[in-house]
Amino acid sequence: MLIGKPSDIPSSAITPKEQYLNRRRFLRGAISGAVAAGAAAVGAERLAEVFSPRIGALAGTKLETVKSPLTTTGEELTPEEYITHYNNFYEFGVDKDQPAKNAGALPIRPWTIKVEGKVAKPLTFDIDTLLKLRPLEDRVYRHRCVEAWSMVIPWVGYSLSEFIKQCQPLASAKYVQFLSYYDKRVEKWASESTISWPYSEGLRMDEAMHPLALLTFGLYGEVLPNQDGAPVRIVVPWKYGFKSAKSIVAVRFLDKQPSTTWNDQAPNEYGFYSNVNPEVDHPRWSQKTERRVGLPFYSQRRTTLMFNGYGDQVASLYTGMNLKKNF
Amino acid sequence: MKRSTLILLKTLTWVACLWPVGQLAWGAVTNSLGADPTARIALSTGYTTLMLLTITLAITPVRRLSPGLGWLIKFRRLLGLFAFFYGSVHMVTYVALYAAFDVNAMMADIAKRRFITMGVAAWLLLVPLAATSTNWAIRKLGGKRWNRLHKLIYVAAVCGVIHYWWQVKSGVLAPAPFTVVIAALLLARPVQGWLQRRKVQAVAMDQAS
């Protein structure tokens, strides 16, 4: 590794934590020649750490957090290894182990979110501003994938509503759309599927303003690993996982329902609302039960709860709505 | 081929064919099947079934390429039966780990979900082939009838590929390689037959002149 000016070192060139730790392990056992070569590389990294303001964003960096009354209790957490190595992030490959291998290419600094549409005035938020906007909370949520597997994830973030207030949406804003980062030179795996990018998701304004909807920066008390949607993503725990867009670069306030990726791709399979609902089967499988990730095959199966178990908090958002029709 | 070579190759084939299920069994015992063991078992056994069906279908066209490859026929039954074995484990996975032995749920699935309908059809088509795989059954049926019956493997393979396409998410192209290879292997049969007939005609004309 060349020792460049710190500002020349793109964050994508900074060694991911895992590799870094591997190297440490390797160093410990290596013969002296290898130690010397390795030490030079570690030295360069240290130098970058000292001078680069971006380094605070490295996956695995501890975040300062506070407790939250909105955290889910009574569930065993899914091991971090699975949360970070079993991902659907098709821009980095369609297999679940690909994002962990490929998402290192995601340039997480500098990073901004553009706010557009029905707002007082268009704004741009820097990721480091967003990290300091509100105290970061530890929030454990159940995570239910539309593919019928589930996890329990200790996210770190604050209510999306806090961010939306800063965006000053107009009264005419009825929906909010989230757009994920997309650059086909970086995410060259995106062409493994026929999906049209960038990834787009959306919520109705009242859903987005619900305190459970989380603007998310971390998990397990640390900065989000890239494959989990670094540096900032949405988490909507009462909806199927694909509603929770990753690596957000733009937020648009709209007076009409936005077009969203999976709904466009297969409208009969993925509704705009996509609330977790055991009564509405996916055309290709039942949604009555789910498989909890990380358990042995004979004890994975469990009952899926309406609104993923968050009905007490969110059911009132849908009063009077036919949830079988608006699935 | 020397007898010892044949025994060696057969042993290797057995090891290769048992490898995927061995891996799953080891993973199940040591609880190391990854994040979603149920899905892993289902995907792995399904994939291996299609792989073995593909290799089984490749035997005849490859054998026809050269008289020296005639010995490949000795492996076809073994590979076909292993394809059936993995297909059966795949079915048991569905019955036990997805439907939890609930007959009503299975009936509903088969009626409602076309990828399951197609998968069950593919497996059912393989049952009579496995049942008539013994030398005794071949003698009893007679070579001609047996051959005709075993053409069902073409239908089963096509059903298997459709099952795969209908199972994956819209926009995902994972089944494409199997589709291309199986289509090529099925097309190779009439093409090779036609080439063979032309050669025979040419020889006959040579002799006539």
# chains A, B, ... in the order shown; residues from 1 in each chain; ligands from 1
call {"tool": "select_by_dssp", "arguments": {"residues": "region 257-299 of chain A", "states": "strand (DSSP E or B)", "output": "PyMOL selection string"}}
result
chain A and resi 275+282+285+289-292
call {"tool": "write_last_selection", "arguments": {"atoms": "C-alpha atoms", "output": "compact mmCIF listing (two decimals), in the first residue's frame"}}
result
# COMPACT_ATOMS: atom_id res chain seq x y z
CA ASN A 275 -47.08 -4.80 5.99
CA HIS A 282 -47.13 -14.44 -1.08
CA TRP A 285 -45.41 -19.32 -0.37
CA THR A 289 -44.98 -18.86 9.51
CA GLU A 290 -41.35 -17.83 9.28
CA ARG A 291 -37.91 -19.32 9.81
CA ARG A 292 -35.85 -17.64 12.54
call {"tool": "interface_residues", "arguments": {"of": "chain A", "to": "chain B", "cutoff": "10 Å", "atoms": "only C-alpha atoms", "output": "number ranges by chain"}}
result
A: 78-79, 81-83, 85-86, 90, 94-96, 147-151, 191-196, 262, 265-266, 269, 282-286, 289-301
call {"tool": "residues_around", "arguments": {"residues": "Pro175 (chain B)", "least_positions_apart": "4", "cutoff": "7 Å", "atoms": "only C-alpha atoms", "output": "PyMOL selection string"}}
result
chain B and resi 164-165+179
call {"tool": "write_last_selection", "arguments": {"atoms": "C-alpha atoms", "output": "PDB file, in the first residue's frame"}}
result
ATOM      1  CA  TYR B 164     -36.629 -23.397 -10.606  1.00  0.00           C
ATOM      2  CA  TRP B 165     -37.690 -20.381 -12.715  1.00  0.00           C
ATOM      3  CA  THR B 179     -31.834 -23.929 -18.830  1.00  0.00           C
TER       4      THR B 179
END
call {"tool": "atom_distance", "arguments": {"atom1": "CA of Leu65 (chain B)", "atom2": "CA of Ala83 (chain B)"}}
result
23.8 Å
call {"tool": "residues_around", "arguments": {"residues": "region 208-216 of chain A", "least_positions_apart": "3", "cutoff": "8 Å", "atoms": "only C-alpha atoms", "output": "MDAnalysis selection string"}}
result
chainID A and resid 70 155:161 163:164 176 203:205 232:237 314
call {"tool": "write_last_selection", "arguments": {"atoms": "C-alpha atoms", "output": "mmCIF file, in the first residue's frame"}}
result
data_model
loop_
_atom_site.group_PDB
_atom_site.id
_atom_site.type_symbol
_atom_site.label_atom_id
_atom_site.label_comp_id
_atom_site.auth_asym_id
_atom_site.auth_seq_id
_atom_site.Cartn_x
_atom_site.Cartn_y
_atom_site.Cartn_z
ATOM 1 C CA LEU A 70 -39.160 1.764 21.835
ATOM 2 C CA TRP A 155 -30.192 -1.370 15.335
ATOM 3 C CA VAL A 156 -28.730 2.028 16.182
ATOM 4 C CA GLY A 157 -30.469 5.212 15.066
ATOM 5 C CA TYR A 158 -33.242 7.667 15.833
ATOM 6 C CA SER A 159 -36.802 8.071 14.665
ATOM 7 C CA LEU A 160 -37.070 8.945 10.983
ATOM 8 C CA SER A 161 -39.621 11.596 12.024
ATOM 9 C CA PHE A 163 -35.075 13.823 10.287
ATOM 10 C CA ILE A 164 -38.282 14.506 8.356
ATOM 11 C CA VAL A 176 -41.948 10.026 0.989
ATOM 12 C CA LEU A 203 -43.887 5.195 2.744
ATOM 13 C CA ARG A 204 -47.049 7.129 3.319
ATOM 14 C CA MET A 205 -46.263 10.278 5.294
ATOM 15 C CA VAL A 232 -27.531 5.342 6.550
ATOM 16 C CA ARG A 233 -30.690 3.332 5.884
ATOM 17 C CA ILE A 234 -34.348 3.106 6.801
ATOM 18 C CA VAL A 235 -35.789 0.419 9.070
ATOM 19 C CA VAL A 236 -39.568 -0.085 9.182
ATOM 20 C CA PRO A 237 -40.023 -3.050 11.534
ATOM 21 C CA VAL A 314 -49.081 0.770 14.256
#
call {"tool": "closest_residue", "arguments": {"among": "B:Arg198, B:Arg3, B:Arg77, B:His90", "to": "Ala130 (chain B)", "atoms": "only C-alpha atoms"}}
result
B:Arg77
call {"tool": "residues_around", "arguments": {"residues": "Val191 (chain B)", "least_positions_apart": "6", "cutoff": "12 Å", "atoms": "only C-alpha atoms", "output": "tab-separated table (two decimals) with all heavy atoms, in the first residue's frame"}}
result
chain	number	residue	atom	x	y	z
B	61	PRO	N	-25.53	-38.08	-25.36
B	61	PRO	CA	-24.90	-37.27	-26.43
B	61	PRO	C	-23.37	-37.28	-26.37
B	61	PRO	O	-22.72	-37.29	-27.42
B	61	PRO	CB	-25.45	-35.87	-26.21
B	61	PRO	CG	-26.25	-35.89	-24.97
B	61	PRO	CD	-26.52	-37.29	-24.59
B	64	ARG	N	-21.98	-40.51	-27.81
B	64	ARG	CA	-22.10	-40.61	-29.26
B	64	ARG	C	-20.97	-39.87	-30.00
B	64	ARG	O	-20.79	-40.05	-31.20
B	64	ARG	CB	-23.43	-40.01	-29.72
B	64	ARG	CG	-24.60	-40.98	-29.50
B	64	ARG	CD	-25.83	-40.41	-30.17
B	64	ARG	NE	-27.00	-41.21	-29.91
B	64	ARG	CZ	-28.23	-40.72	-29.95
B	64	ARG	NH1	-28.42	-39.43	-30.22
B	64	ARG	NH2	-29.27	-41.49	-29.73
B	184	ALA	N	-29.67	-27.58	-24.57
B	184	ALA	CA	-28.67	-28.05	-25.53
B	184	ALA	C	-28.62	-29.58	-25.55
B	184	ALA	O	-28.53	-30.19	-26.62
B	184	ALA	CB	-27.30	-27.48	-25.17
B	185	LEU	N	-28.67	-30.20	-24.36
B	185	LEU	CA	-28.59	-31.66	-24.29
B	185	LEU	C	-29.82	-32.32	-24.92
B	185	LEU	O	-29.73	-33.38	-25.53
B	185	LEU	CB	-28.44	-32.11	-22.84
B	185	LEU	CG	-27.09	-31.75	-22.19
B	185	LEU	CD1	-27.11	-32.08	-20.70
B	185	LEU	CD2	-25.95	-32.49	-22.89
B	197	ARG	N	-27.94	-40.30	-39.50
B	197	ARG	CA	-28.67	-40.78	-40.67
B	197	ARG	C	-27.98	-40.32	-41.96
B	197	ARG	O	-27.87	-41.05	-42.92
B	197	ARG	CB	-30.12	-40.27	-40.63
B	197	ARG	CG	-31.04	-41.14	-39.78
B	197	ARG	CD	-32.51	-40.84	-40.05
B	197	ARG	NE	-32.85	-39.44	-39.81
B	197	ARG	CZ	-33.10	-38.92	-38.60
B	197	ARG	NH1	-33.04	-39.71	-37.53
B	197	ARG	NH2	-33.40	-37.65	-38.46
B	198	ARG	N	-27.51	-39.08	-41.95
B	198	ARG	CA	-26.85	-38.56	-43.14
B	198	ARG	C	-25.58	-39.35	-43.46
B	198	ARG	O	-25.28	-39.65	-44.60
B	198	ARG	CB	-26.49	-37.08	-42.94
B	198	ARG	CG	-27.08	-36.24	-44.05
B	198	ARG	CD	-26.83	-34.81	-43.86
B	198	ARG	NE	-25.46	-34.53	-43.45
B	198	ARG	CZ	-24.87	-33.34	-43.65
B	198	ARG	NH1	-25.53	-32.39	-44.27
B	198	ARG	NH2	-23.65	-33.13	-43.24
call {"tool": "closest_residue", "arguments": {"among": "B:Leu72, B:Val103, B:Leu8, B:Val155", "to": "Gly119 (chain B)", "atoms": "only C-alpha atoms"}}
result
B:Val155
call {"tool": "residues_around", "arguments": {"residues": "Ser44 (chain B)", "least_positions_apart": "5", "cutoff": "10 Å", "atoms": "only C-alpha atoms", "output": "number ranges by chain"}}
result
B: 20-21, 23-24, 39, 49, 86, 90
call {"tool": "write_last_selection", "arguments": {"atoms": "C-alpha atoms", "output": "tab-separated table (two decimals), in the first residue's frame"}}
result
chain	number	residue	atom	x	y	z
B	20	PRO	CA	-23.48	-32.80	-1.06
B	21	VAL	CA	-25.70	-34.85	1.26
B	23	GLN	CA	-21.97	-31.93	3.75
B	24	LEU	CA	-25.58	-31.28	4.77
B	39	ALA	CA	-33.50	-22.90	3.13
B	49	THR	CA	-30.99	-32.86	-8.25
B	86	TYR	CA	-31.67	-35.92	-4.11
B	90	HIS	CA	-35.75	-32.29	-1.57
call {"tool": "decode", "arguments": {"residues": "region 169-195 of chain A", "atoms": "N, CA and C atoms", "output": "PDB file, in the first residue's frame"}}
result
ATOM      1  N   PRO A 169     -41.174  19.362   5.187  1.00  0.00           N
ATOM      2  CA  PRO A 169     -42.081  19.012   4.089  1.00  0.00           C
ATOM      3  C   PRO A 169     -43.308  19.930   4.083  1.00  0.00           C
ATOM      4  N   LEU A 170     -43.843  20.184   2.889  1.00  0.00           N
ATOM      5  CA  LEU A 170     -45.053  21.002   2.759  1.00  0.00           C
ATOM      6  C   LEU A 170     -46.280  20.157   3.117  1.00  0.00           C
ATOM      7  N   ALA A 171     -47.386  20.830   3.341  1.00  0.00           N
ATOM      8  CA  ALA A 171     -48.622  20.115   3.671  1.00  0.00           C
ATOM      9  C   ALA A 171     -49.046  19.200   2.523  1.00  0.00           C
ATOM     10  N   SER A 172     -48.625  19.545   1.315  1.00  0.00           N
ATOM     11  CA  SER A 172     -49.004  18.730   0.149  1.00  0.00           C
ATOM     12  C   SER A 172     -48.210  17.428   0.059  1.00  0.00           C
ATOM     13  N   ALA A 173     -47.209  17.265   0.883  1.00  0.00           N
ATOM     14  CA  ALA A 173     -46.411  16.030   0.858  1.00  0.00           C
ATOM     15  C   ALA A 173     -47.200  14.907   1.518  1.00  0.00           C
ATOM     16  N   LYS A 174     -47.596  13.908   0.716  1.00  0.00           N
ATOM     17  CA  LYS A 174     -48.391  12.794   1.248  1.00  0.00           C
ATOM     18  C   LYS A 174     -47.566  11.509   1.337  1.00  0.00           C
ATOM     19  N   TYR A 175     -46.507  11.455   0.562  1.00  0.00           N
ATOM     20  CA  TYR A 175     -45.660  10.257   0.522  1.00  0.00           C
ATOM     21  C   TYR A 175     -44.205  10.677   0.584  1.00  0.00           C
ATOM     22  N   VAL A 176     -43.381   9.745   1.025  1.00  0.00           N
ATOM     23  CA  VAL A 176     -41.948  10.026   0.989  1.00  0.00           C
ATOM     24  C   VAL A 176     -41.242   8.846   0.314  1.00  0.00           C
ATOM     25  N   GLN A 177     -40.344   9.181  -0.599  1.00  0.00           N
ATOM     26  CA  GLN A 177     -39.630   8.158  -1.378  1.00  0.00           C
ATOM     27  C   GLN A 177     -38.162   8.154  -0.955  1.00  0.00           C
ATOM     28  N   PHE A 178     -37.578   6.970  -0.874  1.00  0.00           N
ATOM     29  CA  PHE A 178     -36.160   6.827  -0.520  1.00  0.00           C
ATOM     30  C   PHE A 178     -35.419   6.199  -1.696  1.00  0.00           C
ATOM     31  N   LEU A 179     -34.341   6.825  -2.092  1.00  0.00           N
ATOM     32  CA  LEU A 179     -33.552   6.269  -3.191  1.00  0.00           C
ATOM     33  C   LEU A 179     -32.187   5.826  -2.677  1.00  0.00           C
ATOM     34  N   SER A 180     -31.800   4.638  -3.085  1.00  0.00           N
ATOM     35  CA  SER A 180     -30.516   4.091  -2.650  1.00  0.00           C
ATOM     36  C   SER A 180     -29.411   4.507  -3.613  1.00  0.00           C
ATOM     37  N   TYR A 181     -28.217   4.478  -3.103  1.00  0.00           N
ATOM     38  CA  TYR A 181     -27.025   4.734  -3.914  1.00  0.00           C
ATOM     39  C   TYR A 181     -27.023   3.795  -5.116  1.00  0.00           C
ATOM     40  N   TYR A 182     -26.682   4.329  -6.278  1.00  0.00           N
ATOM     41  CA  TYR A 182     -26.459   3.429  -7.403  1.00  0.00           C
ATOM     42  C   TYR A 182     -25.399   3.985  -8.344  1.00  0.00           C
ATOM     43  N   ASP A 183     -24.400   3.197  -8.586  1.00  0.00           N
ATOM     44  CA  ASP A 183     -23.389   3.511  -9.584  1.00  0.00           C
ATOM     45  C   ASP A 183     -22.966   2.174 -10.173  1.00  0.00           C
ATOM     46  N   LYS A 184     -23.266   1.982 -11.454  1.00  0.00           N
ATOM     47  CA  LYS A 184     -23.043   0.641 -12.012  1.00  0.00           C
ATOM     48  C   LYS A 184     -21.556   0.305 -12.140  1.00  0.00           C
ATOM     49  N   ARG A 185     -20.705   1.334 -12.059  1.00  0.00           N
ATOM     50  CA  ARG A 185     -19.268   1.031 -12.089  1.00  0.00           C
ATOM     51  C   ARG A 185     -18.822   0.455 -10.747  1.00  0.00           C
ATOM     52  N   VAL A 186     -19.499   0.900  -9.671  1.00  0.00           N
ATOM     53  CA  VAL A 186     -19.183   0.390  -8.334  1.00  0.00           C
ATOM     54  C   VAL A 186     -19.948  -0.912  -8.083  1.00  0.00           C
ATOM     55  N   GLU A 187     -21.239  -0.880  -8.411  1.00  0.00           N
ATOM     56  CA  GLU A 187     -22.103  -2.029  -8.127  1.00  0.00           C
ATOM     57  C   GLU A 187     -22.283  -2.850  -9.397  1.00  0.00           C
ATOM     58  N   LYS A 188     -21.181  -3.423  -9.873  1.00  0.00           N
ATOM     59  CA  LYS A 188     -21.242  -4.100 -11.165  1.00  0.00           C
ATOM     60  C   LYS A 188     -22.037  -5.399 -11.101  1.00  0.00           C
ATOM     61  N   TRP A 189     -22.389  -5.826  -9.897  1.00  0.00           N
ATOM     62  CA  TRP A 189     -23.185  -7.048  -9.733  1.00  0.00           C
ATOM     63  C   TRP A 189     -24.666  -6.783  -9.979  1.00  0.00           C
ATOM     64  N   ALA A 190     -25.023  -5.495 -10.072  1.00  0.00           N
ATOM     65  CA  ALA A 190     -26.439  -5.130 -10.219  1.00  0.00           C
ATOM     66  C   ALA A 190     -27.048  -5.742 -11.476  1.00  0.00           C
ATOM     67  N   SER A 191     -26.213  -6.031 -12.473  1.00  0.00           N
ATOM     68  CA  SER A 191     -26.737  -6.578 -13.723  1.00  0.00           C
ATOM     69  C   SER A 191     -27.009  -8.080 -13.630  1.00  0.00           C
ATOM     70  N   GLU A 192     -26.770  -8.683 -12.455  1.00  0.00           N
ATOM     71  CA  GLU A 192     -27.099 -10.106 -12.286  1.00  0.00           C
ATOM     72  C   GLU A 192     -28.613 -10.325 -12.298  1.00  0.00           C
ATOM     73  N   SER A 193     -29.363  -9.263 -12.086  1.00  0.00           N
ATOM     74  CA  SER A 193     -30.815  -9.364 -12.159  1.00  0.00           C
ATOM     75  C   SER A 193     -31.305  -8.337 -13.172  1.00  0.00           C
ATOM     76  N   THR A 194     -32.584  -8.425 -13.511  1.00  0.00           N
ATOM     77  CA  THR A 194     -33.109  -7.505 -14.530  1.00  0.00           C
ATOM     78  C   THR A 194     -33.822  -6.308 -13.890  1.00  0.00           C
ATOM     79  N   ILE A 195     -33.528  -6.069 -12.617  1.00  0.00           N
ATOM     80  CA  ILE A 195     -34.177  -4.976 -11.889  1.00  0.00           C
ATOM     81  C   ILE A 195     -33.656  -3.632 -12.405  1.00  0.00           C
TER      82      ILE A 195
END
